[in-house]
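Asks: Here it is, the structure in full.
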Amino acid sequence: MGAGFYITTPIYYVNDVPHIGHAYCTVVADVVARYQRLAGKDVFFLTGTDEHGQKVEKAANARGLAPLEHCDLMVRPFKDLWRRYQISNDDFIRTTEERHERVVAKIYQRLYEQGDIFKSLYEGWYCIHEETFWPENRLVDGNCPDCGRPVEWLEEESYYFRTSAYVDKLLKHIELHPDFIRPGSRRNEVVSFIKSGVEDISVSRTSIKWGIKVPFDTEHVIYVWFDALINYLSAVGYLYDEEKFTRFWPPVHFLGKDIIKFHAVIWPCMLMALEIPLPKAIMATGFWTLGEQKISKSRGQVIDPIELSDEFGVDAVRYFFTREVPLGQDGEFSRSALIGRINHDLANDLGNLLNRTLPMIERYFDALIPERGEELALTADLISESAAIISRYHELMENFELRPALQEIWKLVAKANKFIDEAAPWALFKAQKDAQLREVIYDLAETIRIIAQLITPFMPATGKKIYEQLGLVADPSDIRFDSGLVWGYLRAGTKTNRAAPLFPRIEEKEKR
Ligand code: ME8
C-alpha cells in the first residue's frame, strides 16, 4: 500500500460548462486533500475531464466543431472554475491525452487476451444522456430509469467485459470492508443491486466514432465509461511510472451518488480483473436540488458557480457547501440559507470574535501580542477545550465528516466569544491586573489563530487573512498541523494588523 494519500473527483463531461454540482463535488474533495496535506501526508489530488462518448460528440456537432476542438474549448471553463475556487489539484487529466489513451488501450488488450473481454452481439437500449446500456426490464414507461429521457435501440456487435466473474468476490470485499462504500445507505443500495444479478457489460460501440479505438479491432470504439474510469490509473503512472503508482495507489474516490454503480461495481471488477488492489473508499456525495429537483443544465435550472462566488466570495460558498448538509445527503439550494450562514456563522460568530479581540490588543498592548502572564482557571479551561476540539476535529476529518468537523470549530468560536465575556479583559485592565490581562489576551489571540488553522482546509483565503490580522506572514496552508496546532505558536511581540471585517453582513431576507 502506498504511503501517500490519493484522492479523486469524477472527471466531468465537457458537453457543457460546469455548474454548481460540479463545483460542489470538487470543493469537498479539495477540503479533504488540503486537510491531508496539512496533516503531513504526501497528497495526490486528481480532477479532470471526460471527453469521449456520444454525449460530447453530439454537443460538438451541435456547435459545428470537431470533437477535439470542442473539448479544447470546453476544458477552459473547468480549469478556470477550479482556479477561482482555490482547488488545489495536483494534476488534471483529460481522457483525450495520449498518456491516458495509451493505458486504456493496453488494459483493453490485456483483458481481451486473458478472456475477460470477449465479442458478442449487443441488442438492447442505450441512454445517450447517461451513457448507459439498459435491459428492457429496467426501463420506466419505455424511458431511461435514471433521467427519464427516451432511449435508443442498439443492435450491434460488441465486446463485453466479464463483470459477472468478479461480483461474488466484490460482494465479499464489501462485506469485509464496511467503509469501502460510504455513506452506509449507498453501500446497502449497491449490495442489493449486486444481489439482484449483475450481467456482463458491453464495452465497445461500432456506431460512434468519437472515442479510443479497440486496439485489436479498430471498427470498435471503447465504451466511454470503461475509458473514463481508467483515468484514475492513467493519471497516477500505472504501466509507465511504477514509483508514482506504488506511492499513491489505492485512491479514495469522491463522486456523486448518480454514478455510484459505475464506481462501486464495474470499476472494482475491472481492478480485480487487472489484479490491482481496490480503492480505499468510494464516497458518494448527494445532490443539490432546487424545488426538490436535481440541479442540472439539461433541466434548465442553473446556478452559475462563478456568479455565486462573485456575489458572495469563494470562501463563503465553500463554507456553505460543507456546512449546510451532511456529506452524502441531498440539500435544497437556497440563497436565503446561504445568506443566513454568512450572517450568523461568518459575520457574527467568527467576525465578531476578531472584531472584539483585535481592538483590545491595540488598546491594551499597542497592537503587540503580549507575553503570557498568570494562568487562571478560565484560561486553563479554554486551552484544554481547544485541545479536545482539535482531537475531535482530526478524528472527524479523517472520516470525511466535514460538517461535524466545522461544528466542532464553531464550538471553539462560541467558547472564545463566551471567554471574552467571562474573563472581562476591560475589568482586568481597569483593576491593573497586568499578568492576568496578558494571559487572557494572549490565549484569546492564540485561540483565534488555532481556529484560523483549523478552517484553512475549508476556507484557505480566510485562514490566511486571519493570520495576517494577527500579524503573521506565513500562510496557514503552508503550516503543517504538527506545528500549526501547537499552543504557543504565536509569539509575543507580533504586531497585529486589524483590517476590514472578513464577512460583512448581507442585508437581505435570510432563512434560519
Ligand atoms: O458523470 N448536485 O460526469 P458529469 C451535486 N463523466 N453534484 C452534482 C449535481 C448536483 N445537482 N449535478 C452533478 C459524469 N453533480 C462522468 C463521470 S468519472 C470516471 C466519469 C456532480 O459531468 C456529481 O459529483 O455528469 C456527479 O457525480 C458529477 O457531477 C457528474 O458529472
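Going by the C-alpha cells order, chains are called A, B, ..., each with residues numbered from 1, while ligands are numbered from 1 in the order shown.
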Mind checking which residues fall within 8 Å of Arg186 (chain A), counting only C-alpha atoms, ignoring those fewer than 4 positions away in the same chain, and posting them as a list in words?
Replies: Ile181, Arg182, Val190, Lys257, Ile260 and Ala284 of chain A
Asks: Write out as a short mmCIF file (atom, residue, chain, number, x, y, z; two decimals) with N, CA and C atoms, in the first residue's frame all residues of region 239-426 of chain A that DSSP puts in strand (DSSP E) for this structure's backbone.
Replies:
```
data_model
loop_
_atom_site.label_atom_id
_atom_site.label_comp_id
_atom_site.auth_asym_id
_atom_site.auth_seq_id
_atom_site.Cartn_x
_atom_site.Cartn_y
_atom_site.Cartn_z
N PRO A 251 -6.59 4.68 -4.19
CA PRO A 251 -7.20 6.00 -4.02
C PRO A 251 -8.44 6.02 -3.11
N VAL A 252 -8.85 7.25 -2.80
CA VAL A 252 -10.18 7.50 -2.24
C VAL A 252 -10.93 8.23 -3.36
N HIS A 253 -12.07 7.69 -3.76
CA HIS A 253 -12.84 8.34 -4.82
C HIS A 253 -14.00 9.14 -4.25
N PHE A 254 -14.09 10.40 -4.63
CA PHE A 254 -15.28 11.21 -4.34
C PHE A 254 -16.07 11.34 -5.63
N LEU A 255 -17.38 11.15 -5.55
CA LEU A 255 -18.22 11.21 -6.75
C LEU A 255 -19.67 11.37 -6.31
N GLY A 256 -20.51 11.78 -7.25
CA GLY A 256 -21.92 11.95 -6.93
C GLY A 256 -22.63 10.61 -6.86
N ALA A 281 -11.67 3.85 -0.41
CA ALA A 281 -13.06 4.23 -0.12
C ALA A 281 -13.68 4.84 -1.36
N ILE A 282 -15.00 4.64 -1.45
CA ILE A 282 -15.79 5.26 -2.51
C ILE A 282 -16.84 6.09 -1.81
N MET A 283 -16.68 7.40 -1.89
CA MET A 283 -17.53 8.30 -1.11
C MET A 283 -18.53 8.98 -2.04
N ALA A 284 -19.80 8.66 -1.87
CA ALA A 284 -20.83 9.23 -2.75
C ALA A 284 -21.44 10.48 -2.12
N THR A 285 -21.32 11.59 -2.83
CA THR A 285 -21.91 12.83 -2.32
C THR A 285 -23.34 12.97 -2.84
N TRP A 288 -27.42 18.71 -4.93
CA TRP A 288 -28.08 19.98 -4.64
C TRP A 288 -29.34 20.02 -5.49
N THR A 289 -30.43 20.38 -4.84
CA THR A 289 -31.71 20.41 -5.55
C THR A 289 -32.27 21.83 -5.52
N LEU A 290 -33.16 22.08 -6.45
CA LEU A 290 -33.93 23.33 -6.47
C LEU A 290 -35.36 22.89 -6.62
N GLN A 293 -35.77 19.19 -7.25
CA GLN A 293 -35.26 18.58 -8.48
C GLN A 293 -33.75 18.74 -8.51
N LYS A 294 -33.05 17.69 -8.94
CA LYS A 294 -31.59 17.78 -9.08
C LYS A 294 -31.24 18.99 -9.94
N GLY A 331 -29.23 18.36 -0.60
CA GLY A 331 -29.52 19.63 0.06
C GLY A 331 -30.27 20.53 -0.89
N GLU A 332 -31.26 21.22 -0.36
CA GLU A 332 -32.01 22.16 -1.19
C GLU A 332 -31.21 23.46 -1.23
#
```
Asks: List as number ranges by chain the protein and nucleic acid residues near region 413-419 of chain A, meaning an atom at most 7 Å away when only C-alpha atoms are counted, but skip any in the same chain fewer than 3 places from it.
Replies: A: 349-350, 353, 409-410, 422-423, 444
Asks: Name the closest residue to ligand 1 among the candidates A:Leu73, A:Ile87, A:Val103, A:Cys147; distances are taken between atoms, counting only C-alpha atoms and all ligand atoms.
Replies: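 Nearest to ligand 1: A:Cys147.
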Asks: So which one's closest to Lys213 (chain A), A:Ala105, A:Val236, A:Leu171, A:Ile420? Using only C-alpha atoms, please.
Replies: A:Ala105
Asks: Grab the CA of Asp200 (chain A) to CA of Arg162 (chain A) distance for me, in Å with one decimal place.
Replies: 4.9 Å
Asks: So that I can check the surroundings of Leu472 (chain A), please list as number ranges by chain every protein, DNA and RNA residue that reaches within 12 Å of it, counting only C-alpha atoms and ignoring chain neighbours fewer than 5 positions away.
Replies: A: 368-369, 445-446, 449, 452-453, 463-467, 479, 484, 489-498
Asks: Determine, counting only C-alpha atoms, which protein, DNA and RNA residues have an atom within 12 Å of an atom of Val325 (chain A); residues of the same chain fewer than 6 positions away are not included. Present the result as a PDB file with N, CA and C atoms, in the first residue's frame.
Replies:
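Okay, result04.pdb is ready:
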```pdb
ATOM      1  N   TYR A  24     -19.419  21.632  -6.351  1.00  0.00           N
ATOM      2  CA  TYR A  24     -19.610  21.039  -5.025  1.00  0.00           C
ATOM      3  C   TYR A  24     -18.708  19.829  -4.810  1.00  0.00           C
ATOM      4  N   VAL A  28     -15.558  19.629  -2.009  1.00  0.00           N
ATOM      5  CA  VAL A  28     -15.452  18.740  -0.844  1.00  0.00           C
ATOM      6  C   VAL A  28     -14.192  17.871  -0.927  1.00  0.00           C
ATOM      7  N   THR A 285     -21.322  11.587  -2.825  1.00  0.00           N
ATOM      8  CA  THR A 285     -21.907  12.833  -2.322  1.00  0.00           C
ATOM      9  C   THR A 285     -23.345  12.970  -2.844  1.00  0.00           C
ATOM     10  N   GLY A 286     -24.124  13.774  -2.138  1.00  0.00           N
ATOM     11  CA  GLY A 286     -25.535  13.955  -2.507  1.00  0.00           C
ATOM     12  C   GLY A 286     -25.707  15.036  -3.562  1.00  0.00           C
ATOM     13  N   PHE A 287     -26.943  15.324  -3.857  1.00  0.00           N
ATOM     14  CA  PHE A 287     -27.265  16.330  -4.877  1.00  0.00           C
ATOM     15  C   PHE A 287     -27.724  17.629  -4.250  1.00  0.00           C
ATOM     16  N   TRP A 288     -27.421  18.710  -4.932  1.00  0.00           N
ATOM     17  CA  TRP A 288     -28.077  19.981  -4.640  1.00  0.00           C
ATOM     18  C   TRP A 288     -29.340  20.021  -5.486  1.00  0.00           C
ATOM     19  N   THR A 289     -30.429  20.378  -4.840  1.00  0.00           N
ATOM     20  CA  THR A 289     -31.709  20.408  -5.545  1.00  0.00           C
ATOM     21  C   THR A 289     -32.267  21.830  -5.516  1.00  0.00           C
ATOM     22  N   TYR A 319     -17.711  27.376   2.401  1.00  0.00           N
ATOM     23  CA  TYR A 319     -18.233  27.116   3.744  1.00  0.00           C
ATOM     24  C   TYR A 319     -19.658  26.581   3.664  1.00  0.00           C
ATOM     25  N   GLY A 331     -29.228  18.355  -0.596  1.00  0.00           N
ATOM     26  CA  GLY A 331     -29.520  19.627   0.060  1.00  0.00           C
ATOM     27  C   GLY A 331     -30.273  20.529  -0.894  1.00  0.00           C
ATOM     28  N   GLU A 332     -31.255  21.215  -0.365  1.00  0.00           N
ATOM     29  CA  GLU A 332     -32.012  22.159  -1.189  1.00  0.00           C
ATOM     30  C   GLU A 332     -31.213  23.459  -1.229  1.00  0.00           C
ATOM     31  N   PHE A 333     -30.876  23.895  -2.440  1.00  0.00           N
ATOM     32  CA  PHE A 333     -30.073  25.109  -2.538  1.00  0.00           C
ATOM     33  C   PHE A 333     -30.958  26.327  -2.355  1.00  0.00           C
ATOM     34  N   ALA A 337     -30.670  30.625   2.615  1.00  0.00           N
ATOM     35  CA  ALA A 337     -29.911  29.792   3.561  1.00  0.00           C
ATOM     36  C   ALA A 337     -28.431  30.161   3.508  1.00  0.00           C
ATOM     37  N   LEU A 338     -27.936  30.433   2.301  1.00  0.00           N
ATOM     38  CA  LEU A 338     -26.537  30.846   2.148  1.00  0.00           C
ATOM     39  C   LEU A 338     -26.286  32.162   2.890  1.00  0.00           C
ATOM     40  N   ARG A 341     -26.175  31.642   6.628  1.00  0.00           N
ATOM     41  CA  ARG A 341     -24.882  31.103   7.086  1.00  0.00           C
ATOM     42  C   ARG A 341     -23.825  32.212   7.153  1.00  0.00           C
ATOM     43  N   GLU A 401     -15.953  13.546   7.723  1.00  0.00           N
ATOM     44  CA  GLU A 401     -17.128  14.112   8.389  1.00  0.00           C
ATOM     45  C   GLU A 401     -16.943  15.624   8.433  1.00  0.00           C
ATOM     46  N   LEU A 402     -17.141  16.252   7.280  1.00  0.00           N
ATOM     47  CA  LEU A 402     -16.766  17.662   7.167  1.00  0.00           C
ATOM     48  C   LEU A 402     -17.693  18.575   7.970  1.00  0.00           C
ATOM     49  N   ARG A 403     -18.967  18.308   7.901  1.00  0.00           N
ATOM     50  CA  ARG A 403     -19.910  19.186   8.604  1.00  0.00           C
ATOM     51  C   ARG A 403     -19.714  19.094  10.126  1.00  0.00           C
ATOM     52  N   PRO A 404     -19.643  17.866  10.684  1.00  0.00           N
ATOM     53  CA  PRO A 404     -19.370  17.796  12.127  1.00  0.00           C
ATOM     54  C   PRO A 404     -18.039  18.446  12.509  1.00  0.00           C
ATOM     55  N   LEU A 406     -16.702  21.095  11.105  1.00  0.00           N
ATOM     56  CA  LEU A 406     -16.953  22.543  11.175  1.00  0.00           C
ATOM     57  C   LEU A 406     -17.730  22.884  12.446  1.00  0.00           C
ATOM     58  N   GLN A 407     -18.657  22.020  12.802  1.00  0.00           N
ATOM     59  CA  GLN A 407     -19.416  22.282  14.032  1.00  0.00           C
ATOM     60  C   GLN A 407     -18.490  22.305  15.247  1.00  0.00           C
TER      61      GLN A 407
END
```
Asks: Using Å and a single decimal, report how far CA of Ile451 (chain A) sits from CA of Ala33 (chain A).
Replies: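 Those two atoms sit 18.7 Å apart.
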Asks: In Å, how far is it from CA of Ile306 (chain A) to CA of Arg34 (chain A)?
Replies: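 These two atoms are separated by 21.6 Å.
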Asks: With only C-alpha atoms and all ligand atoms as the atoms that count, which of A:Asp91, A:Glu408, A:Glu131, A:Glu307 lies nearest to ligand 1?
Replies: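 Under the stated criterion, the closest residue is A:Glu131.
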Asks: Compare A:Ile259, A:Ile128, A:Leu46, A:Val31 by their minimum atom-to-atom distance to Ser234 (chain A), counting only C-alpha atoms, and give me the closest one.
Replies: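 Selected residue with least distance to Ser234 (chain A): A:Leu46.
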